[in-house]
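Novice: The structure file my_file.txt (compact mmCIF, N, CA and C atoms) is provided below.
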```txt
# COMPACT_ATOMS: atom_id res chain seq x y z
N MET A 1 127.28 120.44 176.19
CA MET A 1 126.73 119.28 175.51
C MET A 1 126.35 118.23 176.57
N THR A 2 125.21 117.64 176.40
CA THR A 2 124.72 116.64 177.34
C THR A 2 125.40 115.30 177.08
N LYS A 3 125.86 114.66 178.15
CA LYS A 3 126.49 113.34 178.04
C LYS A 3 125.41 112.31 177.74
N PRO A 4 125.78 111.24 176.99
CA PRO A 4 124.78 110.21 176.63
C PRO A 4 124.07 109.61 177.83
N ARG A 5 124.79 109.34 178.92
CA ARG A 5 124.15 108.74 180.10
C ARG A 5 123.15 109.71 180.72
N ALA A 6 123.53 110.99 180.81
CA ALA A 6 122.62 112.00 181.36
C ALA A 6 121.40 112.16 180.47
N LEU A 7 121.60 112.11 179.15
CA LEU A 7 120.50 112.22 178.21
C LEU A 7 119.54 111.04 178.36
N CYS A 8 120.09 109.84 178.54
CA CYS A 8 119.25 108.65 178.75
C CYS A 8 118.45 108.75 180.04
N THR A 9 119.08 109.24 181.09
CA THR A 9 118.39 109.42 182.37
C THR A 9 117.28 110.46 182.23
N GLU A 10 117.60 111.55 181.54
CA GLU A 10 116.59 112.60 181.31
C GLU A 10 115.42 112.04 180.51
N PHE A 11 115.73 111.29 179.45
CA PHE A 11 114.66 110.73 178.63
C PHE A 11 113.83 109.71 179.41
N ALA A 12 114.46 108.93 180.26
CA ALA A 12 113.72 107.95 181.08
C ALA A 12 112.73 108.67 181.99
N GLY A 13 113.16 109.77 182.61
CA GLY A 13 112.25 110.56 183.45
C GLY A 13 111.13 111.15 182.62
N PHE A 14 111.47 111.69 181.44
CA PHE A 14 110.50 112.27 180.53
C PHE A 14 109.48 111.21 180.10
N ALA A 15 109.96 110.02 179.77
CA ALA A 15 109.07 108.93 179.33
C ALA A 15 108.16 108.45 180.46
N THR A 16 108.70 108.39 181.67
CA THR A 16 107.88 107.98 182.82
C THR A 16 106.74 108.98 183.04
N VAL A 17 107.10 110.26 183.02
CA VAL A 17 106.07 111.30 183.17
C VAL A 17 105.07 111.20 182.02
N GLY A 18 105.57 110.95 180.81
CA GLY A 18 104.69 110.81 179.65
C GLY A 18 103.70 109.66 179.78
N ALA A 19 104.16 108.55 180.34
CA ALA A 19 103.27 107.41 180.54
C ALA A 19 102.16 107.74 181.54
N ILE A 20 102.53 108.45 182.60
CA ILE A 20 101.53 108.87 183.60
C ILE A 20 100.55 109.86 182.97
N ALA A 21 101.07 110.79 182.18
CA ALA A 21 100.20 111.77 181.51
C ALA A 21 99.28 111.09 180.52
N PHE A 22 99.79 110.08 179.81
CA PHE A 22 98.95 109.32 178.88
C PHE A 22 97.81 108.65 179.63
N ALA A 23 98.11 108.07 180.78
CA ALA A 23 97.07 107.42 181.60
C ALA A 23 96.03 108.44 182.05
N ALA A 24 96.49 109.63 182.42
CA ALA A 24 95.55 110.69 182.83
C ALA A 24 94.67 111.12 181.66
N ASP A 25 95.26 111.28 180.49
CA ASP A 25 94.53 111.65 179.28
C ASP A 25 93.49 110.57 178.95
N LEU A 26 93.94 109.32 178.88
CA LEU A 26 93.04 108.23 178.54
C LEU A 26 91.93 108.05 179.58
N GLY A 27 92.29 108.07 180.85
CA GLY A 27 91.30 107.92 181.91
C GLY A 27 90.26 109.03 181.89
N THR A 28 90.72 110.25 181.69
CA THR A 28 89.80 111.39 181.61
C THR A 28 88.87 111.24 180.41
N PHE A 29 89.45 110.87 179.27
CA PHE A 29 88.64 110.69 178.07
C PHE A 29 87.58 109.61 178.26
N LEU A 30 87.99 108.47 178.80
CA LEU A 30 87.04 107.37 179.00
C LEU A 30 85.93 107.75 179.97
N TYR A 31 86.28 108.50 181.01
CA TYR A 31 85.25 108.93 181.95
C TYR A 31 84.29 109.93 181.30
N LEU A 32 84.86 110.95 180.63
CA LEU A 32 84.01 111.98 180.03
C LEU A 32 83.16 111.40 178.91
N ARG A 33 83.71 110.47 178.16
CA ARG A 33 82.98 109.87 177.05
C ARG A 33 81.94 108.87 177.54
N GLY A 34 82.28 108.13 178.61
CA GLY A 34 81.39 107.09 179.13
C GLY A 34 80.38 107.63 180.12
N PRO A 35 80.69 107.56 181.44
CA PRO A 35 79.73 107.96 182.46
C PRO A 35 79.23 109.39 182.34
N ALA A 36 80.10 110.31 181.91
CA ALA A 36 79.68 111.71 181.80
C ALA A 36 78.88 111.96 180.53
N GLY A 37 78.98 111.05 179.55
CA GLY A 37 78.19 111.16 178.32
C GLY A 37 78.53 112.36 177.45
N MET A 38 79.76 112.81 177.48
CA MET A 38 80.16 114.00 176.75
C MET A 38 80.45 113.67 175.28
N ASN A 39 80.25 114.64 174.43
CA ASN A 39 80.61 114.55 173.01
C ASN A 39 82.08 114.15 172.91
N PRO A 40 82.45 113.21 172.00
CA PRO A 40 83.83 112.74 171.94
C PRO A 40 84.86 113.83 171.65
N MET A 41 84.52 114.82 170.83
CA MET A 41 85.48 115.88 170.52
C MET A 41 85.76 116.75 171.74
N TYR A 42 84.71 117.10 172.48
CA TYR A 42 84.91 117.89 173.70
C TYR A 42 85.65 117.07 174.75
N ALA A 43 85.27 115.80 174.85
CA ALA A 43 85.92 114.92 175.82
C ALA A 43 87.42 114.80 175.52
N LYS A 44 87.76 114.68 174.23
CA LYS A 44 89.17 114.55 173.85
C LYS A 44 89.92 115.85 174.10
N ALA A 45 89.30 116.97 173.81
CA ALA A 45 89.95 118.27 174.05
C ALA A 45 90.24 118.44 175.55
N LEU A 46 89.27 118.12 176.39
CA LEU A 46 89.47 118.25 177.84
C LEU A 46 90.48 117.23 178.36
N SER A 47 90.44 116.02 177.82
CA SER A 47 91.39 115.01 178.30
C SER A 47 92.81 115.35 177.85
N PHE A 48 92.95 115.97 176.66
CA PHE A 48 94.27 116.42 176.20
C PHE A 48 94.82 117.47 177.16
N ILE A 49 93.99 118.41 177.56
CA ILE A 49 94.43 119.45 178.50
C ILE A 49 94.82 118.83 179.84
N ALA A 50 94.04 117.87 180.30
CA ALA A 50 94.36 117.18 181.57
C ALA A 50 95.70 116.46 181.45
N GLY A 51 95.91 115.76 180.35
CA GLY A 51 97.16 115.04 180.14
C GLY A 51 98.36 115.98 180.06
N VAL A 52 98.19 117.10 179.36
CA VAL A 52 99.28 118.08 179.25
C VAL A 52 99.58 118.70 180.62
N ALA A 53 98.55 118.98 181.41
CA ALA A 53 98.76 119.55 182.75
C ALA A 53 99.54 118.57 183.63
N VAL A 54 99.19 117.29 183.56
CA VAL A 54 99.92 116.27 184.32
C VAL A 54 101.36 116.18 183.83
N ALA A 55 101.55 116.19 182.51
CA ALA A 55 102.91 116.10 181.94
C ALA A 55 103.75 117.32 182.33
N TYR A 56 103.16 118.50 182.26
CA TYR A 56 103.91 119.71 182.61
C TYR A 56 104.33 119.66 184.08
N THR A 57 103.38 119.36 184.95
CA THR A 57 103.67 119.30 186.38
C THR A 57 104.73 118.24 186.67
N GLY A 58 104.56 117.07 186.08
CA GLY A 58 105.52 116.00 186.29
C GLY A 58 106.92 116.35 185.81
N ASN A 59 107.01 116.98 184.65
CA ASN A 59 108.32 117.36 184.12
C ASN A 59 108.94 118.50 184.94
N ALA A 60 108.14 119.46 185.35
CA ALA A 60 108.66 120.58 186.14
C ALA A 60 109.13 120.12 187.52
N LEU A 61 108.45 119.14 188.09
CA LEU A 61 108.83 118.64 189.42
C LEU A 61 109.78 117.45 189.34
N GLY A 62 109.91 116.85 188.17
CA GLY A 62 110.73 115.65 188.00
C GLY A 62 112.01 115.93 187.25
N PRO A 63 112.10 115.47 186.00
CA PRO A 63 113.38 115.52 185.29
C PRO A 63 113.94 116.93 185.06
N TYR A 64 113.08 117.94 185.06
CA TYR A 64 113.56 119.30 184.77
C TYR A 64 113.51 120.23 185.99
N ARG A 65 113.38 119.66 187.17
CA ARG A 65 113.24 120.48 188.37
C ARG A 65 114.48 121.31 188.69
N LEU A 66 115.65 120.86 188.25
CA LEU A 66 116.88 121.57 188.55
C LEU A 66 117.35 122.44 187.39
N ARG A 67 116.48 122.68 186.45
CA ARG A 67 116.83 123.49 185.28
C ARG A 67 116.20 124.86 185.36
N ASP A 68 116.84 125.80 184.68
CA ASP A 68 116.24 127.11 184.51
C ASP A 68 114.97 126.96 183.69
N ARG A 69 114.08 127.88 183.88
CA ARG A 69 112.87 127.92 183.05
C ARG A 69 113.20 128.79 181.87
N ARG A 70 113.10 128.24 180.66
CA ARG A 70 113.46 128.96 179.44
C ARG A 70 112.51 130.14 179.21
N VAL A 71 111.26 129.95 179.53
CA VAL A 71 110.24 130.97 179.33
C VAL A 71 109.82 131.49 180.70
N ALA A 72 109.82 132.81 180.87
CA ALA A 72 109.45 133.40 182.15
C ALA A 72 107.94 133.31 182.36
N GLY A 73 107.53 133.11 183.60
CA GLY A 73 106.12 133.08 183.93
C GLY A 73 105.52 131.70 183.77
N ARG A 74 104.89 131.23 184.83
CA ARG A 74 104.33 129.88 184.86
C ARG A 74 103.32 129.65 183.74
N TRP A 75 102.38 130.57 183.51
CA TRP A 75 101.34 130.37 182.50
C TRP A 75 101.90 130.46 181.09
N ARG A 76 102.86 131.35 180.86
CA ARG A 76 103.50 131.43 179.54
C ARG A 76 104.27 130.14 179.27
N ARG A 77 104.98 129.64 180.26
CA ARG A 77 105.74 128.40 180.12
C ARG A 77 104.78 127.24 179.82
N PHE A 78 103.66 127.19 180.54
CA PHE A 78 102.66 126.15 180.30
C PHE A 78 102.11 126.26 178.88
N SER A 79 101.88 127.48 178.41
CA SER A 79 101.37 127.69 177.05
C SER A 79 102.34 127.17 176.01
N VAL A 80 103.63 127.43 176.19
CA VAL A 80 104.64 126.90 175.27
C VAL A 80 104.65 125.38 175.33
N PHE A 81 104.52 124.84 176.53
CA PHE A 81 104.48 123.38 176.70
C PHE A 81 103.28 122.80 175.96
N VAL A 82 102.12 123.45 176.04
CA VAL A 82 100.93 122.99 175.31
C VAL A 82 101.20 123.00 173.80
N LEU A 83 101.84 124.06 173.31
CA LEU A 83 102.14 124.14 171.88
C LEU A 83 103.11 123.04 171.45
N VAL A 84 104.11 122.76 172.28
CA VAL A 84 105.05 121.68 171.99
C VAL A 84 104.30 120.35 171.91
N ASN A 85 103.39 120.10 172.85
CA ASN A 85 102.63 118.86 172.85
C ASN A 85 101.67 118.79 171.67
N ALA A 86 101.09 119.92 171.29
CA ALA A 86 100.22 119.95 170.12
C ALA A 86 101.03 119.64 168.86
N ALA A 87 102.27 120.13 168.79
CA ALA A 87 103.13 119.82 167.64
C ALA A 87 103.42 118.33 167.58
N GLY A 88 103.69 117.72 168.73
CA GLY A 88 103.91 116.27 168.77
C GLY A 88 102.68 115.50 168.32
N GLY A 89 101.51 115.96 168.75
CA GLY A 89 100.26 115.34 168.31
C GLY A 89 100.03 115.52 166.81
N ALA A 90 100.40 116.68 166.28
CA ALA A 90 100.26 116.93 164.84
C ALA A 90 101.17 115.99 164.04
N VAL A 91 102.35 115.71 164.57
CA VAL A 91 103.25 114.76 163.90
C VAL A 91 102.59 113.37 163.86
N GLN A 92 101.98 112.95 164.97
CA GLN A 92 101.29 111.66 164.99
C GLN A 92 100.17 111.62 163.97
N LEU A 93 99.36 112.67 163.93
CA LEU A 93 98.27 112.73 162.96
C LEU A 93 98.81 112.76 161.54
N GLY A 94 99.92 113.47 161.34
CA GLY A 94 100.53 113.54 160.02
C GLY A 94 100.98 112.17 159.53
N CYS A 95 101.59 111.39 160.41
CA CYS A 95 102.01 110.04 160.04
C CYS A 95 100.81 109.19 159.63
N LEU A 96 99.74 109.29 160.39
CA LEU A 96 98.52 108.56 160.07
C LEU A 96 97.95 109.04 158.73
N GLY A 97 97.93 110.35 158.53
CA GLY A 97 97.41 110.91 157.28
C GLY A 97 98.22 110.49 156.06
N VAL A 98 99.54 110.50 156.18
CA VAL A 98 100.39 110.07 155.06
C VAL A 98 100.12 108.61 154.74
N SER A 99 100.05 107.79 155.77
CA SER A 99 99.81 106.37 155.56
C SER A 99 98.47 106.12 154.87
N ARG A 100 97.42 106.77 155.36
CA ARG A 100 96.07 106.52 154.84
C ARG A 100 95.85 107.16 153.48
N TYR A 101 96.16 108.46 153.39
CA TYR A 101 95.71 109.23 152.23
C TYR A 101 96.76 109.38 151.13
N MET A 102 98.03 109.20 151.46
CA MET A 102 99.05 109.29 150.41
C MET A 102 99.52 107.91 149.97
N LEU A 103 99.63 107.01 150.93
CA LEU A 103 100.10 105.66 150.60
C LEU A 103 98.95 104.68 150.39
N GLY A 104 97.74 105.07 150.78
CA GLY A 104 96.58 104.21 150.58
C GLY A 104 96.51 103.01 151.50
N LEU A 105 97.20 103.06 152.63
CA LEU A 105 97.21 101.96 153.60
C LEU A 105 96.08 102.20 154.60
N THR A 106 94.96 101.49 154.45
CA THR A 106 93.77 101.79 155.23
C THR A 106 93.36 100.71 156.22
N SER A 107 94.17 99.69 156.38
CA SER A 107 93.81 98.64 157.34
C SER A 107 94.03 99.12 158.77
N THR A 108 93.42 98.44 159.70
CA THR A 108 93.61 98.77 161.12
C THR A 108 95.07 98.62 161.51
N LEU A 109 95.71 97.58 161.01
CA LEU A 109 97.12 97.37 161.31
C LEU A 109 97.97 98.54 160.81
N ALA A 110 97.69 99.00 159.60
CA ALA A 110 98.43 100.14 159.05
C ALA A 110 98.21 101.39 159.90
N ASP A 111 96.98 101.59 160.37
CA ASP A 111 96.69 102.74 161.23
C ASP A 111 97.47 102.66 162.54
N VAL A 112 97.52 101.48 163.12
CA VAL A 112 98.24 101.30 164.38
C VAL A 112 99.73 101.52 164.18
N VAL A 113 100.28 100.94 163.12
CA VAL A 113 101.72 101.09 162.86
C VAL A 113 102.07 102.55 162.59
N SER A 114 101.29 103.23 161.75
CA SER A 114 101.62 104.60 161.38
C SER A 114 101.28 105.60 162.49
N GLY A 115 100.13 105.48 163.11
CA GLY A 115 99.72 106.45 164.12
C GLY A 115 100.27 106.17 165.50
N ALA A 116 100.12 104.94 165.96
CA ALA A 116 100.54 104.60 167.33
C ALA A 116 101.96 104.05 167.38
N GLY A 117 102.55 103.74 166.23
CA GLY A 117 103.91 103.23 166.20
C GLY A 117 104.87 104.33 165.76
N ILE A 118 104.97 104.50 164.45
CA ILE A 118 105.89 105.51 163.89
C ILE A 118 105.52 106.91 164.38
N GLY A 119 104.25 107.23 164.35
CA GLY A 119 103.81 108.56 164.79
C GLY A 119 104.12 108.82 166.25
N LEU A 120 103.94 107.81 167.09
CA LEU A 120 104.23 107.98 168.51
C LEU A 120 105.72 108.23 168.74
N VAL A 121 106.56 107.47 168.04
CA VAL A 121 108.02 107.65 168.20
C VAL A 121 108.43 109.04 167.73
N LEU A 122 108.00 109.45 166.55
CA LEU A 122 108.37 110.77 166.03
C LEU A 122 107.75 111.90 166.85
N GLY A 123 106.49 111.73 167.26
CA GLY A 123 105.83 112.74 168.09
C GLY A 123 106.51 112.89 169.44
N THR A 124 106.94 111.78 170.02
CA THR A 124 107.65 111.82 171.30
C THR A 124 108.99 112.54 171.13
N ALA A 125 109.66 112.30 170.01
CA ALA A 125 110.93 113.00 169.75
C ALA A 125 110.71 114.50 169.68
N VAL A 126 109.64 114.93 169.02
CA VAL A 126 109.32 116.36 168.95
C VAL A 126 109.03 116.90 170.35
N ARG A 127 108.24 116.18 171.12
CA ARG A 127 107.89 116.63 172.48
C ARG A 127 109.14 116.71 173.37
N PHE A 128 110.00 115.70 173.29
CA PHE A 128 111.22 115.68 174.11
C PHE A 128 112.12 116.85 173.73
N TRP A 129 112.36 117.04 172.45
CA TRP A 129 113.19 118.15 172.00
C TRP A 129 112.58 119.49 172.44
N GLY A 130 111.31 119.66 172.19
CA GLY A 130 110.66 120.93 172.53
C GLY A 130 110.64 121.22 174.02
N THR A 131 110.41 120.18 174.81
CA THR A 131 110.37 120.38 176.27
C THR A 131 111.73 120.79 176.79
N ARG A 132 112.78 120.12 176.34
CA ARG A 132 114.12 120.40 176.88
C ARG A 132 114.74 121.64 176.24
N THR A 133 114.27 122.04 175.06
CA THR A 133 114.88 123.17 174.36
C THR A 133 114.06 124.45 174.50
N LEU A 134 112.75 124.34 174.35
CA LEU A 134 111.91 125.54 174.33
C LEU A 134 111.28 125.88 175.68
N VAL A 135 111.09 124.89 176.53
CA VAL A 135 110.42 125.13 177.81
C VAL A 135 111.43 125.23 178.95
N PHE A 136 112.32 124.27 179.05
CA PHE A 136 113.33 124.24 180.11
C PHE A 136 114.71 124.29 179.47
N SER A 137 115.55 125.21 179.93
CA SER A 137 116.88 125.33 179.34
C SER A 137 117.80 124.24 179.84
N HIS A 138 118.98 124.17 179.25
CA HIS A 138 119.95 123.15 179.62
C HIS A 138 120.79 123.56 180.82
N ALA A 139 120.76 124.83 181.17
CA ALA A 139 121.56 125.30 182.30
C ALA A 139 120.89 124.91 183.62
N PRO A 140 121.68 124.62 184.66
CA PRO A 140 121.08 124.34 185.95
C PRO A 140 120.40 125.58 186.50
N ALA A 141 119.37 125.37 187.28
CA ALA A 141 118.65 126.49 187.89
C ALA A 141 119.56 127.20 188.89
N PRO A 142 119.36 128.51 189.08
CA PRO A 142 120.17 129.23 190.05
C PRO A 142 119.93 128.69 191.46
N ASP A 143 120.98 128.76 192.26
CA ASP A 143 120.90 128.32 193.65
C ASP A 143 119.95 129.25 194.39
N PRO A 144 118.91 128.71 195.05
CA PRO A 144 117.96 129.57 195.78
C PRO A 144 118.62 130.34 196.91
N GLU A 145 119.77 129.89 197.36
CA GLU A 145 120.50 130.59 198.43
C GLU A 145 121.26 131.77 197.87
N GLY A 146 121.30 131.90 196.55
CA GLY A 146 122.00 133.02 195.95
C GLY A 146 123.48 132.75 195.71
N GLY A 147 123.91 131.51 195.82
CA GLY A 147 125.33 131.20 195.71
C GLY A 147 125.71 130.61 194.37
N GLY A 148 125.21 131.10 193.29
CA GLY A 148 125.63 130.56 191.99
C GLY A 148 124.52 130.66 190.97
N GLY A 149 124.79 130.10 189.83
CA GLY A 149 123.82 130.15 188.75
C GLY A 149 123.84 131.50 188.07
N ARG A 150 122.88 131.75 187.23
CA ARG A 150 122.81 133.03 186.53
C ARG A 150 122.13 134.04 187.41
N GLY A 151 122.53 135.24 187.29
CA GLY A 151 121.94 136.25 188.16
C GLY A 151 121.35 137.33 187.49
```
What does the file become when written as structure tokens?

Specialist:
Amino acid sequence: MTKPRALCTEFAGFATVGAIAFAADLGTFLYLRGPAGMNPMYAKALSFIAGVAVAYTGNALGPYRLRDRRVAGRWRRFSVFVLVNAAGGAVQLGCLGVSRYMLGLTSTLADVVSGAGIGLVLGTAVRFWGTRTLVFSHAPAPDPEGGGGRG
């Protein structure tokens, strides 16, 4: 079981990487949509992939660098990470959809609260859980010198 302090430290690293990945996603989108003149849907798809790649690299080299890899193979692990991030994004869209289409809250403020507020918090929780549970295990990585860990 993870201690609360260790969990907070892990989440802080995860959140820092997430903020950098968000900046990469947004910057890529703005560039592709603006100067590159790309269709917004294609631009968003490419910027999402860029953001996920930054997040995966940051998490693998940062907060989860000393953990076993839950899924074998770099590309398979990245694919699971993409699916976890897509699930988090679906949660955000779901919150926005419930607010708009089920509750009838259509103001800009309602969209911000449901999509970028509640949706972001719940989507981040899904991403955090999925990253630490499905992509990187809780066990420490084996010692590269061969002196411990799982064999």

Novice: Near range 5-11 of chain A, counting only N, CA and C atoms, which residues have an atom at most 6.5 Å away, once you skip same-chain residues fewer than 4 positions from it, shown as a list in words?

Specialist: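 The contact residues come out as Ala15, Thr16 and Pro63 of chain A.
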
Novice: Residues near Cys95 in chain A, anyone? I mean within 8 Å using only C-alpha atoms, not counting same-chain ones fewer than 5 positions away, as a PyMOL selection string.

Specialist: chain A and resi 114-115+118-119

Novice: Find the spatial neighbours of range 96-99 of chain A, counting only C-alpha atoms, within a cut-off of 9 Å - ignore same-chain residues fewer than 4 positions away - and output them as a list in words.

Specialist: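 Within the cut-off, the hits are Val91, Gln92, Leu103, Gly104, Leu105, Thr106, Ala110, Asp111, Val112, Val113, Ser114, Gly115, Ala116, Ile118 and Gly119 of chain A.
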
Novice: If I take CA of Arg77 in chain A and CA of Val135 in chain A, how far is one from the other in Å, to one decimal?

Specialist: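 Between these atoms lies a distance of 6.2 Å.
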
Novice: A:Val82, A:Ser137, A:Val52, A:Pro4: which is nearest Phe22 in chain A, counting only C-alpha atoms?

Specialist: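 When distances to Phe22 in chain A are compared using only C-alpha atoms, the smallest one comes from A:Val52.
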
Novice: One decimal, Å: what's the distance from CA of Thr131 in chain A over to CA of Ala43 in chain A, could you say?

Specialist: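 Computed distance, CA of Thr131 in chain A to CA of Ala43 in chain A, equals 25.1 Å.
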
Novice: Among range 1-139 of chain A, which ones does DSSP place in strand (DSSP E), written as a list in words?

Specialist: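 Residues meeting the strand (DSSP E) criterion: Arg67, Asp68, Arg69, Phe136, Ser137, His138 and Ala139 of chain A.
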
Novice: Quick one, how far is atom C of Leu32 in chain A from atom C of Gly89 in chain A?

Specialist: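 That distance, rounded to one decimal, is 21.2 Å.
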
Novice: What's the 12 Å shell around Ala60 in chain A, counting only C-alpha atoms, without same-chain residues fewer than 3 positions away, as an mmCIF file with N, CA and C atoms, in the frame of the given file?

Specialist:
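Dumped everything to result.cif:
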```
data_model
loop_
_atom_site.group_PDB
_atom_site.id
_atom_site.type_symbol
_atom_site.label_atom_id
_atom_site.label_comp_id
_atom_site.auth_asym_id
_atom_site.auth_seq_id
_atom_site.Cartn_x
_atom_site.Cartn_y
_atom_site.Cartn_z
ATOM 1 N N GLY A 13 113.160 109.770 182.610
ATOM 2 C CA GLY A 13 112.250 110.560 183.450
ATOM 3 C C GLY A 13 111.130 111.150 182.620
ATOM 4 N N PHE A 14 111.470 111.690 181.440
ATOM 5 C CA PHE A 14 110.500 112.270 180.530
ATOM 6 C C PHE A 14 109.480 111.210 180.100
ATOM 7 N N VAL A 17 107.100 110.260 183.020
ATOM 8 C CA VAL A 17 106.070 111.300 183.170
ATOM 9 C C VAL A 17 105.070 111.200 182.020
ATOM 10 N N VAL A 52 98.190 117.100 179.360
ATOM 11 C CA VAL A 52 99.280 118.080 179.250
ATOM 12 C C VAL A 52 99.580 118.700 180.620
ATOM 13 N N ALA A 53 98.550 118.980 181.410
ATOM 14 C CA ALA A 53 98.760 119.550 182.750
ATOM 15 C C ALA A 53 99.540 118.570 183.630
ATOM 16 N N VAL A 54 99.190 117.290 183.560
ATOM 17 C CA VAL A 54 99.920 116.270 184.320
ATOM 18 C C VAL A 54 101.360 116.180 183.830
ATOM 19 N N ALA A 55 101.550 116.190 182.510
ATOM 20 C CA ALA A 55 102.910 116.100 181.940
ATOM 21 C C ALA A 55 103.750 117.320 182.330
ATOM 22 N N TYR A 56 103.160 118.500 182.260
ATOM 23 C CA TYR A 56 103.910 119.710 182.610
ATOM 24 C C TYR A 56 104.330 119.660 184.080
ATOM 25 N N THR A 57 103.380 119.360 184.950
ATOM 26 C CA THR A 57 103.670 119.300 186.380
ATOM 27 C C THR A 57 104.730 118.240 186.670
ATOM 28 N N PRO A 63 112.100 115.470 186.000
ATOM 29 C CA PRO A 63 113.380 115.520 185.290
ATOM 30 C C PRO A 63 113.940 116.930 185.060
ATOM 31 N N TYR A 64 113.080 117.940 185.060
ATOM 32 C CA TYR A 64 113.560 119.300 184.770
ATOM 33 C C TYR A 64 113.510 120.230 185.990
ATOM 34 N N ARG A 65 113.380 119.660 187.170
ATOM 35 C CA ARG A 65 113.240 120.480 188.370
ATOM 36 C C ARG A 65 114.480 121.310 188.690
ATOM 37 N N LEU A 66 115.650 120.860 188.250
ATOM 38 C CA LEU A 66 116.880 121.570 188.550
ATOM 39 C C LEU A 66 117.350 122.440 187.390
ATOM 40 N N ARG A 67 116.480 122.680 186.450
ATOM 41 C CA ARG A 67 116.830 123.490 185.280
ATOM 42 C C ARG A 67 116.200 124.860 185.360
ATOM 43 N N ASP A 68 116.840 125.800 184.680
ATOM 44 C CA ASP A 68 116.240 127.110 184.510
ATOM 45 C C ASP A 68 114.970 126.960 183.690
ATOM 46 N N ARG A 69 114.080 127.880 183.880
ATOM 47 C CA ARG A 69 112.870 127.920 183.050
ATOM 48 C C ARG A 69 113.200 128.790 181.870
ATOM 49 N N ARG A 70 113.100 128.240 180.660
ATOM 50 C CA ARG A 70 113.460 128.960 179.440
ATOM 51 C C ARG A 70 112.510 130.140 179.210
ATOM 52 N N ARG A 74 104.890 131.230 184.830
ATOM 53 C CA ARG A 74 104.330 129.880 184.860
ATOM 54 C C ARG A 74 103.320 129.650 183.740
ATOM 55 N N ARG A 77 104.980 129.640 180.260
ATOM 56 C CA ARG A 77 105.740 128.400 180.120
ATOM 57 C C ARG A 77 104.780 127.240 179.820
ATOM 58 N N PHE A 78 103.660 127.190 180.540
ATOM 59 C CA PHE A 78 102.660 126.150 180.300
ATOM 60 C C PHE A 78 102.110 126.260 178.880
ATOM 61 N N PHE A 81 104.520 124.840 176.530
ATOM 62 C CA PHE A 81 104.480 123.380 176.700
ATOM 63 C C PHE A 81 103.280 122.800 175.960
ATOM 64 N N THR A 131 110.410 120.180 174.810
ATOM 65 C CA THR A 131 110.370 120.380 176.270
ATOM 66 C C THR A 131 111.730 120.790 176.790
ATOM 67 N N ARG A 132 112.780 120.120 176.340
ATOM 68 C CA ARG A 132 114.120 120.400 176.880
ATOM 69 C C ARG A 132 114.740 121.640 176.240
ATOM 70 N N VAL A 135 111.090 124.890 176.530
ATOM 71 C CA VAL A 135 110.420 125.130 177.810
ATOM 72 C C VAL A 135 111.430 125.230 178.950
ATOM 73 N N PHE A 136 112.320 124.270 179.050
ATOM 74 C CA PHE A 136 113.330 124.240 180.110
ATOM 75 C C PHE A 136 114.710 124.290 179.470
ATOM 76 N N SER A 137 115.550 125.210 179.930
ATOM 77 C CA SER A 137 116.880 125.330 179.340
ATOM 78 C C SER A 137 117.800 124.240 179.840
ATOM 79 N N ALA A 141 119.370 125.370 187.280
ATOM 80 C CA ALA A 141 118.650 126.490 187.890
ATOM 81 C C ALA A 141 119.560 127.200 188.890
#
```

Novice: Looking at A:Leu46, A:Thr28, A:Arg127, A:Gly117, which one is nearest to Ala86 in chain A, with distances taken over only N, CA and C atoms?

Specialist: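 Closest to Ala86 in chain A, using only N, CA and C atoms: A:Arg127.
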
Novice: Could you give me the residues within range 7-71 of chain A that DSSP places in alpha helix (DSSP H), as an MDAnalysis selection string?

Specialist: chainID A and resid 7:33 40:61

Novice: Hey, which of A:Trp75, A:Gly51, A:Thr133, A:Met41 ends up closest to Ile20 in chain A? Count only N, CA and C atoms.

Specialist: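 Under the stated criterion, the closest residue is A:Gly51.
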